[in-house]
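A.B. asks: Sharing structure19.txt, compact mmCIF, C-alpha atoms:
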```txt
# COMPACT_ATOMS: atom_id res chain seq x y z
CA MET A 1 0.00 0.00 0.00
CA SER A 2 1.35 3.41 -0.98
CA VAL A 3 2.38 5.85 1.74
CA ILE A 4 2.17 9.64 1.74
CA LEU A 5 4.75 11.78 3.53
CA GLU A 6 4.41 15.51 4.19
CA PHE A 7 7.33 17.52 5.53
CA THR A 8 8.91 20.96 5.52
CA ILE A 9 12.54 22.01 5.24
CA ASP A 10 14.33 25.37 5.28
CA ASP A 11 15.89 26.62 2.04
CA GLU A 12 19.45 26.63 3.36
CA ASN A 13 19.26 22.99 4.46
CA PHE A 14 19.16 21.39 1.00
CA SER A 15 20.91 22.22 -2.26
CA PHE A 16 17.82 22.73 -4.41
CA GLY A 17 16.43 25.23 -1.92
CA ARG A 18 19.68 27.17 -1.86
CA ILE A 19 19.84 27.29 -5.66
CA LEU A 20 16.29 28.58 -6.00
CA ASP A 21 16.95 31.58 -3.81
CA ARG A 22 13.90 33.82 -4.24
CA PRO A 23 13.22 37.51 -3.56
CA PRO A 24 10.66 38.57 -0.93
CA GLY A 25 7.02 37.91 -1.82
CA MET A 26 7.73 35.18 -4.37
CA HIS A 27 6.03 31.78 -4.20
CA LEU A 28 7.61 28.79 -5.95
CA GLU A 29 5.85 25.59 -7.01
CA LEU A 30 7.53 22.59 -8.60
CA GLU A 31 5.86 20.67 -11.39
CA ARG A 32 4.89 17.13 -10.37
CA VAL A 33 7.67 14.81 -11.60
CA VAL A 34 9.53 11.68 -10.60
CA PRO A 35 13.24 12.41 -9.94
CA THR A 36 15.52 10.14 -11.98
CA GLY A 37 19.21 9.86 -12.74
CA GLU A 38 18.76 11.82 -15.96
CA ILE A 39 16.54 14.71 -14.95
CA VAL A 40 15.72 16.29 -11.60
CA MET A 41 12.99 18.85 -11.03
CA PRO A 42 13.42 20.84 -14.24
CA TYR A 43 10.21 22.90 -14.07
CA VAL A 44 9.16 25.49 -11.50
CA TRP A 45 6.37 28.07 -11.36
CA ALA A 46 7.24 31.42 -9.79
CA THR A 47 4.42 33.71 -8.64
CA GLY A 48 4.78 37.29 -7.44
CA GLY A 49 7.98 38.99 -6.42
CA ASP A 50 10.69 40.38 -8.69
CA HIS A 51 11.23 37.87 -11.50
CA GLU A 52 14.27 39.67 -12.89
CA VAL A 53 16.05 39.43 -9.55
CA PHE A 54 15.08 35.76 -9.25
CA GLU A 55 16.40 34.97 -12.74
CA GLU A 56 19.70 36.74 -12.09
CA GLN A 57 20.23 34.93 -8.79
CA VAL A 58 19.48 31.46 -10.17
CA ARG A 59 21.55 31.92 -13.35
CA ALA A 60 24.49 33.10 -11.24
CA ASN A 61 24.61 29.74 -9.46
CA SER A 62 27.34 27.43 -10.79
CA ALA A 63 24.96 24.44 -10.69
CA VAL A 64 22.73 26.04 -13.33
CA VAL A 65 23.48 26.22 -17.07
CA GLU A 66 20.36 28.15 -17.97
CA LEU A 67 16.99 29.22 -16.61
CA LEU A 68 14.44 29.46 -19.41
CA ALA A 69 11.11 31.29 -19.08
CA LEU A 70 8.62 29.10 -20.97
CA ASP A 71 5.28 30.74 -20.15
CA ARG A 72 4.20 34.01 -18.58
CA ILE A 73 0.65 34.37 -17.25
CA ASP A 74 0.06 37.61 -15.36
CA ASP A 75 2.51 37.45 -12.43
CA ARG A 76 3.16 33.71 -12.87
CA VAL A 77 6.13 32.42 -14.86
CA LEU A 78 6.96 28.81 -15.70
CA TYR A 79 10.72 28.18 -15.80
CA ARG A 80 12.77 25.27 -17.06
CA ILE A 81 16.12 24.69 -15.40
CA GLU A 82 19.09 23.21 -17.27
CA TRP A 83 21.52 21.79 -14.73
CA ALA A 84 25.30 21.85 -14.87
CA THR A 85 25.43 19.79 -11.68
CA ARG A 86 22.44 17.81 -10.41
CA PRO A 87 21.25 18.92 -6.97
CA THR A 88 21.93 16.09 -4.57
CA ASP A 89 20.97 15.43 -0.94
CA LEU A 90 17.18 15.72 -0.61
CA LEU A 91 16.28 15.11 -4.25
CA GLU A 92 18.71 12.21 -4.38
CA ALA A 93 16.99 10.74 -1.34
CA ILE A 94 13.61 10.97 -3.08
CA ALA A 95 14.97 9.36 -6.25
CA GLU A 96 16.73 6.50 -4.44
CA ALA A 97 13.57 5.68 -2.49
CA GLY A 98 11.42 5.69 -5.63
CA GLY A 99 9.35 8.60 -4.34
CA VAL A 100 6.99 10.71 -6.42
CA VAL A 101 6.74 14.42 -5.69
CA LEU A 102 3.02 15.12 -5.51
CA GLU A 103 3.50 18.71 -4.41
CA ALA A 104 6.40 20.96 -3.51
CA GLU A 105 6.14 24.65 -2.82
CA GLY A 106 8.41 27.28 -1.35
CA ASP A 107 7.35 30.33 0.67
CA ASP A 108 9.16 31.10 3.92
CA ARG A 109 10.36 27.46 3.68
CA TRP A 110 9.72 24.46 1.43
CA ALA A 111 6.80 22.08 1.94
CA PHE A 112 6.88 18.66 0.22
CA ARG A 113 4.22 16.00 -0.25
CA LEU A 114 5.64 12.67 -1.46
CA ARG A 115 4.20 9.29 -2.36
CA PHE A 116 6.13 6.04 -1.87
CA VAL A 117 5.09 2.66 -3.24
CA ASP A 118 5.15 1.12 0.22
CA HIS A 119 6.62 1.49 3.71
CA ASP A 120 9.94 0.08 2.49
CA GLY A 121 10.31 3.08 0.20
CA LEU A 122 9.52 5.41 3.06
CA SER A 123 12.10 3.62 5.23
CA THR A 124 14.74 4.00 2.51
CA PHE A 125 14.04 7.73 2.36
CA HIS A 126 14.08 8.01 6.15
CA ASN A 127 17.43 6.21 6.42
CA PHE A 128 18.98 8.45 3.75
CA VAL A 129 17.78 11.56 5.59
CA LEU A 130 19.30 10.33 8.86
CA GLU A 131 22.62 9.33 7.27
CA HIS A 132 23.00 12.71 5.59
CA SER A 133 21.68 14.72 8.56
CA LEU A 134 18.98 16.51 6.57
CA PRO A 135 17.01 18.59 9.11
CA LEU A 136 13.51 18.23 7.76
CA HIS A 137 10.36 18.44 9.87
CA VAL A 138 7.84 15.65 9.29
CA ASP A 139 4.26 16.91 9.48
CA ARG A 140 2.56 13.55 8.95
CA THR A 141 2.67 10.19 7.19
CA TYR A 142 -0.43 8.26 6.17
CA THR A 143 -1.94 5.87 3.65
CA LEU A 144 -4.86 6.92 1.46
CA SER A 145 -7.18 4.59 3.36
CA GLU A 146 -6.10 6.15 6.67
CA GLU A 147 -6.74 9.61 5.27
CA THR A 148 -10.29 8.64 4.28
CA ASP A 149 -10.93 6.89 7.61
CA HIS A 150 -10.05 10.06 9.47
CA GLY A 151 -12.20 12.26 7.25
CA GLN A 152 -9.24 13.91 5.52
CA GLN A 153 -10.34 13.40 1.93
CA PHE A 154 -9.71 15.42 -1.21
CA GLY A 155 -5.90 15.10 -1.28
CA LEU A 156 -5.27 18.41 0.50
CA THR A 157 -1.87 19.06 1.98
CA GLN A 158 -1.66 19.95 5.66
CA THR A 159 -0.91 23.60 4.84
CA GLN A 160 -3.79 23.84 2.35
CA ARG A 161 -6.20 22.28 4.84
CA GLU A 162 -5.00 24.64 7.57
CA ALA A 163 -5.51 27.68 5.31
CA LEU A 164 -8.99 26.63 4.18
CA VAL A 165 -10.15 25.79 7.71
CA LEU A 166 -8.93 29.12 9.09
CA ALA A 167 -10.44 31.06 6.18
CA THR A 168 -13.78 29.33 6.69
CA GLU A 169 -13.74 29.86 10.46
CA ARG A 170 -12.94 33.56 10.06
CA GLY A 171 -15.69 34.08 7.45
CA TYR A 172 -13.37 34.81 4.51
CA PHE A 173 -15.76 33.12 2.05
CA ASP A 174 -18.85 34.91 3.44
CA VAL A 175 -20.56 37.77 1.59
CA PRO A 176 -19.52 40.27 2.72
CA SER A 177 -16.22 38.74 3.78
CA GLY A 178 -15.53 38.59 7.50
CA THR A 179 -11.77 38.99 7.10
CA THR A 180 -9.03 39.72 4.57
CA LEU A 181 -6.14 37.76 3.11
CA ASP A 182 -3.73 40.08 4.90
CA GLU A 183 -5.32 39.34 8.28
CA LEU A 184 -5.34 35.59 7.67
CA ALA A 185 -1.75 35.63 6.43
CA GLU A 186 -0.62 37.51 9.54
CA GLU A 187 -2.38 34.97 11.76
CA LEU A 188 -0.65 32.07 9.97
CA GLY A 189 2.70 33.85 9.90
CA ILE A 190 3.10 33.62 6.11
CA THR A 191 2.98 36.09 3.22
CA ARG A 192 -0.26 37.18 1.58
CA GLN A 193 0.91 35.63 -1.69
CA ALA A 194 1.65 32.29 -0.03
CA LEU A 195 -1.80 32.19 1.59
CA SER A 196 -3.51 33.12 -1.67
CA GLU A 197 -1.73 30.24 -3.41
CA ARG A 198 -2.72 27.75 -0.70
CA ILE A 199 -6.37 28.77 -0.78
CA ARG A 200 -6.50 28.77 -4.58
CA ARG A 201 -4.86 25.37 -4.92
CA GLY A 202 -6.83 23.91 -2.01
CA ASN A 203 -10.12 25.10 -3.46
CA GLY A 204 -9.18 23.70 -6.84
CA THR A 205 -8.36 20.31 -5.33
CA VAL A 206 -11.65 20.12 -3.40
CA LEU A 207 -13.75 21.26 -6.37
CA ARG A 208 -12.15 18.75 -8.70
CA GLU A 209 -12.76 15.94 -6.22
CA VAL A 210 -16.36 16.94 -5.49
CA LEU A 211 -17.60 18.19 -8.83
CA LEU A 212 -15.73 16.01 -11.31
CA SER A 213 -16.18 12.81 -9.33
CA SER A 214 -19.94 13.38 -9.27
CA ALA A 215 -20.29 14.76 -12.80
CA GLY A 216 -21.95 11.56 -13.99
CA ASP A 217 -24.81 12.07 -11.51
CA PHE A 218 -26.05 15.01 -13.56
CA GLU A 219 -25.93 13.44 -17.02
```
Kindly return the structure encoded in the file as structure tokens.

C.D. replies:
Amino acid sequence: MSVILEFTIDDENFSFGRILDRPPGMHLELERVVPTGEIVMPYVWATGGDHEVFEEQVRANSAVVELLALDRIDDRVLYRIEWATRPTDLLEAIAEAGGVVLEAEGDDRWAFRLRFVDHDGLSTFHNFVLEHSLPLHVDRTYTLSEETDHGQQFGLTQTQREALVLATERGYFDVPSGTTLDELAEELGITRQALSERIRRGNGTVLREVLLSSAGDFE
């Protein structure tokens, strides 16, 4: 049975985080890929912040050959990274354990959501992390059946669920709204942009699960 792991890690504690040094107010989101020996995390969305500064900083890193802007949509840019040297440590741990990156986003720190084929894969990842002294903070591990049993459906990450629950409790979705993004972000201790991304992605996940899964009921 597959196992889901959610954890956070500070930028400076793994090579990929240090390479993708971002200016204030920028939110990063990795495309969902499986790390392999040939290619590691080549695509990243950057939202908000100063994109010119971000591009200069990343291109200046010796591990990067080029940073290519593929798509620009309002304040969101999709980049492709060409590596001179593959980032090791954390991403190597994911690859060796056969993990799939379901979600990875960077705000004040990076939050990952991984899937492993079974508990053996999770153990392999855990052992690698211990051997290389990677200081990550595990938020939770669970199987999909455990998630459903505990009423945690829809595939939300812990941070998305936290943001949606707080927004609902504070009346953010009411008309008129009972609070603002700035107030919610201050309460959570994150940037306004980061909170907006979590709510947007969380809402999208829930709506897809609820509406698309029941679409046949209305045919």

A.B. asks: Could you jot down the atom CA of Glu92 of chain A to atom CA of Gln160 of chain A separation for me, Å, one decimal place?

C.D. replies: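 That distance, rounded to one decimal, is 26.2 Å.
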
A.B. asks: Please compute the atom CA of Ala163 of chain A-atom CA of Arg198 of chain A distance, one decimal, in Å.

C.D. replies: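 It comes out at 6.6 Å.
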
A.B. asks: Could you give me, as a list in words, the residues within 9 Å of segment 136-142 of chain A, counting only C-alpha atoms and dropping anything in the same chain fewer than 5 positions from it?

C.D. replies: Ser2, Val3, Ile4, Leu5, Glu6, Phe7, Thr8, Ile9, Asp10, Asn13, Val129, Glu147 and Gln158 of chain A

A.B. asks: Go ahead and write the selection's residues with C-alpha atoms as a compact mmCIF listing (two decimals), in the frame of the given file.

C.D. replies:
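Final output, saved to part.txt:
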```txt
# COMPACT_ATOMS: atom_id res chain seq x y z
CA SER A 2 1.35 3.41 -0.98
CA VAL A 3 2.38 5.85 1.74
CA ILE A 4 2.17 9.64 1.74
CA LEU A 5 4.75 11.78 3.53
CA GLU A 6 4.41 15.51 4.19
CA PHE A 7 7.33 17.52 5.53
CA THR A 8 8.91 20.96 5.52
CA ILE A 9 12.54 22.01 5.24
CA ASP A 10 14.33 25.37 5.28
CA ASN A 13 19.26 22.99 4.46
CA VAL A 129 17.78 11.56 5.59
CA GLU A 147 -6.74 9.61 5.27
CA GLN A 158 -1.66 19.95 5.66
```

A.B. asks: Fewer than 3 positions away in the same chain doesn't count, so skip those; otherwise give me all residues within 10 Å of Gly121 of chain A, counting only C-alpha atoms, as JSON, numbers by chain.

C.D. replies: {"A": [2, 3, 94, 96, 97, 98, 99, 115, 116, 117, 118, 124, 125, 126, 127]}

A.B. asks: Between atom CA of Val53 of chain A and atom CA of Thr88 of chain A, what distance in Å does the model show, to one decimal?

C.D. replies: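 Computed distance, atom CA of Val53 of chain A to atom CA of Thr88 of chain A, equals 24.6 Å.
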
A.B. asks: Choose the residue, out of A:Val100, A:Glu197, A:Ser123, A:Val64, that has the smallest atom-to-atom separation from Trp45 of chain A; count all atoms listed in the file.

C.D. replies: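 Residue with the minimum atom-to-atom distance to Trp45 of chain A: A:Glu197.
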
A.B. asks: Rank A:His51, A:Arg76, A:Arg208, A:Arg113 by their smallest atom-to-atom distance to Arg22 of chain A, using all atoms listed in the file, and report the top residue only.

C.D. replies: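 Answer, going by the shortest atom-to-atom distance: A:His51.
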
A.B. asks: Using only C-alpha atoms, which of A:Glu162, A:Asp107, A:Glu131, A:Glu169 sits nearest Thr47 of chain A?

C.D. replies: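 That would be A:Asp107, the residue with the smallest distance to Thr47 of chain A.
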
A.B. asks: I'd like the contact shell of segment 189-195 of chain A - 12 Å cut-off, all atoms listed in the file, skipping same-chain residues fewer than 6 positions apart - returned as JSON, numbers by chain.

C.D. replies: {"A": [24, 25, 26, 27, 28, 29, 46, 47, 48, 49, 75, 76, 105, 106, 107, 108, 109, 110, 111, 159, 160, 161, 162, 163, 164, 166, 167, 180, 181, 182, 183, 201, 202]}

A.B. asks: If we count only C-alpha atoms, what is near Glu66 of chain A at a cut-off of 7 Å, once residues fewer than 4 positions away on the same chain are taken out, given as a PyMOL selection string?

C.D. replies: chain A and resi 59+81-82

A.B. asks: What would the file look like if the residues just selected were written as a CSV table (one decimal), keeping the file's coordinate frame with C-alpha atoms?

C.D. replies:
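Dumped to selection-v7.csv:
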```csv
chain,number,residue,atom,x,y,z
A,59,ARG,CA,21.6,31.9,-13.4
A,81,ILE,CA,16.1,24.7,-15.4
A,82,GLU,CA,19.1,23.2,-17.3
```

A.B. asks: Which of these residues is nearest to Leu207 of chain A, using only C-alpha atoms: A:Leu188, A:Leu156, A:Met1, A:Ala93?

C.D. replies: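 Closest residue, counting only C-alpha atoms: A:Leu156.
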
A.B. asks: Compile the contact shell of Val44 of chain A as a PyMOL selection string: residues with an atom at most 6 Å away, counting all atoms listed in the file, same-chain residues fewer than 5 positions apart removed.

C.D. replies: chain A and resi 29-31+78-79

A.B. asks: Will you give me segment 121-137 of chain A, written with all heavy atoms and laid out as a short mmCIF file (atom, residue, chain, number, x, y, z; two decimals), in the first residue's frame?

C.D. replies:
```cif
data_model
loop_
_atom_site.label_atom_id
_atom_site.label_comp_id
_atom_site.auth_asym_id
_atom_site.auth_seq_id
_atom_site.Cartn_x
_atom_site.Cartn_y
_atom_site.Cartn_z
N GLY A 121 9.83 1.87 0.86
CA GLY A 121 10.31 3.08 0.20
C GLY A 121 10.45 4.23 1.18
O GLY A 121 11.43 4.98 1.16
N LEU A 122 9.46 4.36 2.04
CA LEU A 122 9.52 5.41 3.06
C LEU A 122 10.71 5.19 3.99
O LEU A 122 11.40 6.14 4.37
CB LEU A 122 8.21 5.41 3.87
CG LEU A 122 8.13 6.40 5.03
CD1 LEU A 122 8.29 7.83 4.54
CD2 LEU A 122 6.81 6.23 5.78
N SER A 123 10.97 3.93 4.36
CA SER A 123 12.10 3.62 5.23
C SER A 123 13.42 3.96 4.56
O SER A 123 14.35 4.47 5.21
CB SER A 123 12.08 2.14 5.62
OG SER A 123 10.94 1.83 6.40
N THR A 124 13.52 3.67 3.26
CA THR A 124 14.74 4.00 2.51
C THR A 124 14.99 5.50 2.54
O THR A 124 16.11 5.97 2.77
CB THR A 124 14.62 3.52 1.06
OG1 THR A 124 14.45 2.11 1.03
CG2 THR A 124 15.86 3.90 0.25
N PHE A 125 13.93 6.27 2.31
CA PHE A 125 14.04 7.73 2.36
C PHE A 125 14.44 8.19 3.75
O PHE A 125 15.34 9.03 3.91
CB PHE A 125 12.70 8.36 1.95
CG PHE A 125 12.68 9.85 2.04
CD1 PHE A 125 13.26 10.63 1.06
CD2 PHE A 125 12.07 10.49 3.11
CE1 PHE A 125 13.25 12.02 1.13
CE2 PHE A 125 12.04 11.87 3.21
CZ PHE A 125 12.63 12.64 2.21
N HIS A 126 13.80 7.64 4.77
CA HIS A 126 14.08 8.01 6.15
C HIS A 126 15.54 7.74 6.52
O HIS A 126 16.21 8.59 7.14
CB HIS A 126 13.15 7.23 7.09
CG HIS A 126 13.39 7.50 8.54
ND1 HIS A 126 13.12 8.70 9.15
CD2 HIS A 126 13.90 6.69 9.52
CE1 HIS A 126 13.44 8.64 10.42
NE2 HIS A 126 13.90 7.44 10.68
N ASN A 127 16.05 6.57 6.11
CA ASN A 127 17.43 6.21 6.42
C ASN A 127 18.42 7.16 5.73
O ASN A 127 19.44 7.55 6.32
CB ASN A 127 17.71 4.77 6.01
CG ASN A 127 16.96 3.78 6.88
OD1 ASN A 127 16.60 4.08 8.02
ND2 ASN A 127 16.70 2.59 6.34
N PHE A 128 18.13 7.52 4.48
CA PHE A 128 18.98 8.45 3.75
C PHE A 128 19.03 9.79 4.47
O PHE A 128 20.10 10.40 4.63
CB PHE A 128 18.47 8.63 2.31
CG PHE A 128 19.39 9.40 1.42
CD1 PHE A 128 20.15 8.75 0.46
CD2 PHE A 128 19.51 10.78 1.52
CE1 PHE A 128 21.02 9.45 -0.37
CE2 PHE A 128 20.35 11.49 0.69
CZ PHE A 128 21.11 10.83 -0.25
N VAL A 129 17.87 10.27 4.90
CA VAL A 129 17.78 11.56 5.59
C VAL A 129 18.61 11.54 6.87
O VAL A 129 19.33 12.50 7.17
CB VAL A 129 16.30 11.89 5.90
CG1 VAL A 129 16.20 13.05 6.89
CG2 VAL A 129 15.56 12.24 4.62
N LEU A 130 18.53 10.44 7.62
CA LEU A 130 19.30 10.33 8.86
C LEU A 130 20.80 10.28 8.58
O LEU A 130 21.59 10.95 9.26
CB LEU A 130 18.88 9.09 9.63
CG LEU A 130 17.47 9.11 10.24
CD1 LEU A 130 17.19 7.79 10.95
CD2 LEU A 130 17.32 10.27 11.21
N GLU A 131 21.20 9.48 7.59
CA GLU A 131 22.62 9.33 7.27
C GLU A 131 23.24 10.63 6.80
O GLU A 131 24.43 10.89 7.05
CB GLU A 131 22.79 8.26 6.19
CG GLU A 131 22.47 6.85 6.67
CD GLU A 131 22.47 5.84 5.53
OE1 GLU A 131 22.80 6.25 4.39
OE2 GLU A 131 22.13 4.66 5.77
N HIS A 132 22.46 11.46 6.13
CA HIS A 132 23.00 12.71 5.59
C HIS A 132 22.61 13.92 6.43
O HIS A 132 22.84 15.07 6.03
CB HIS A 132 22.53 12.91 4.15
CG HIS A 132 23.11 11.90 3.20
ND1 HIS A 132 22.63 10.61 3.11
CD2 HIS A 132 24.14 11.99 2.30
CE1 HIS A 132 23.32 9.94 2.19
NE2 HIS A 132 24.24 10.75 1.72
N SER A 133 22.01 13.66 7.60
CA SER A 133 21.68 14.72 8.56
C SER A 133 20.88 15.86 7.92
O SER A 133 21.20 17.05 8.10
CB SER A 133 22.97 15.28 9.18
OG SER A 133 23.68 14.27 9.85
N LEU A 134 19.85 15.50 7.18
CA LEU A 134 18.98 16.51 6.57
C LEU A 134 17.91 16.91 7.60
O LEU A 134 17.08 16.10 7.99
CB LEU A 134 18.31 15.94 5.31
CG LEU A 134 19.24 15.63 4.15
CD1 LEU A 134 18.46 14.98 3.01
CD2 LEU A 134 19.94 16.89 3.66
N PRO A 135 17.92 18.17 8.03
CA PRO A 135 17.01 18.59 9.11
C PRO A 135 15.62 18.96 8.61
O PRO A 135 15.22 20.12 8.60
CB PRO A 135 17.73 19.82 9.69
CG PRO A 135 18.44 20.39 8.50
CD PRO A 135 18.84 19.24 7.63
N LEU A 136 14.88 17.96 8.19
CA LEU A 136 13.51 18.23 7.76
C LEU A 136 12.54 17.98 8.90
O LEU A 136 12.83 17.24 9.84
CB LEU A 136 13.14 17.39 6.53
CG LEU A 136 13.30 15.86 6.58
CD1 LEU A 136 12.09 15.23 7.25
CD2 LEU A 136 13.45 15.31 5.16
N HIS A 137 11.38 18.59 8.83
CA HIS A 137 10.36 18.44 9.87
C HIS A 137 9.18 17.68 9.28
O HIS A 137 8.50 18.16 8.37
CB HIS A 137 9.90 19.81 10.36
CG HIS A 137 8.82 19.73 11.41
ND1 HIS A 137 7.47 19.72 11.10
CD2 HIS A 137 8.90 19.63 12.76
CE1 HIS A 137 6.76 19.62 12.21
NE2 HIS A 137 7.60 19.58 13.22
#
```
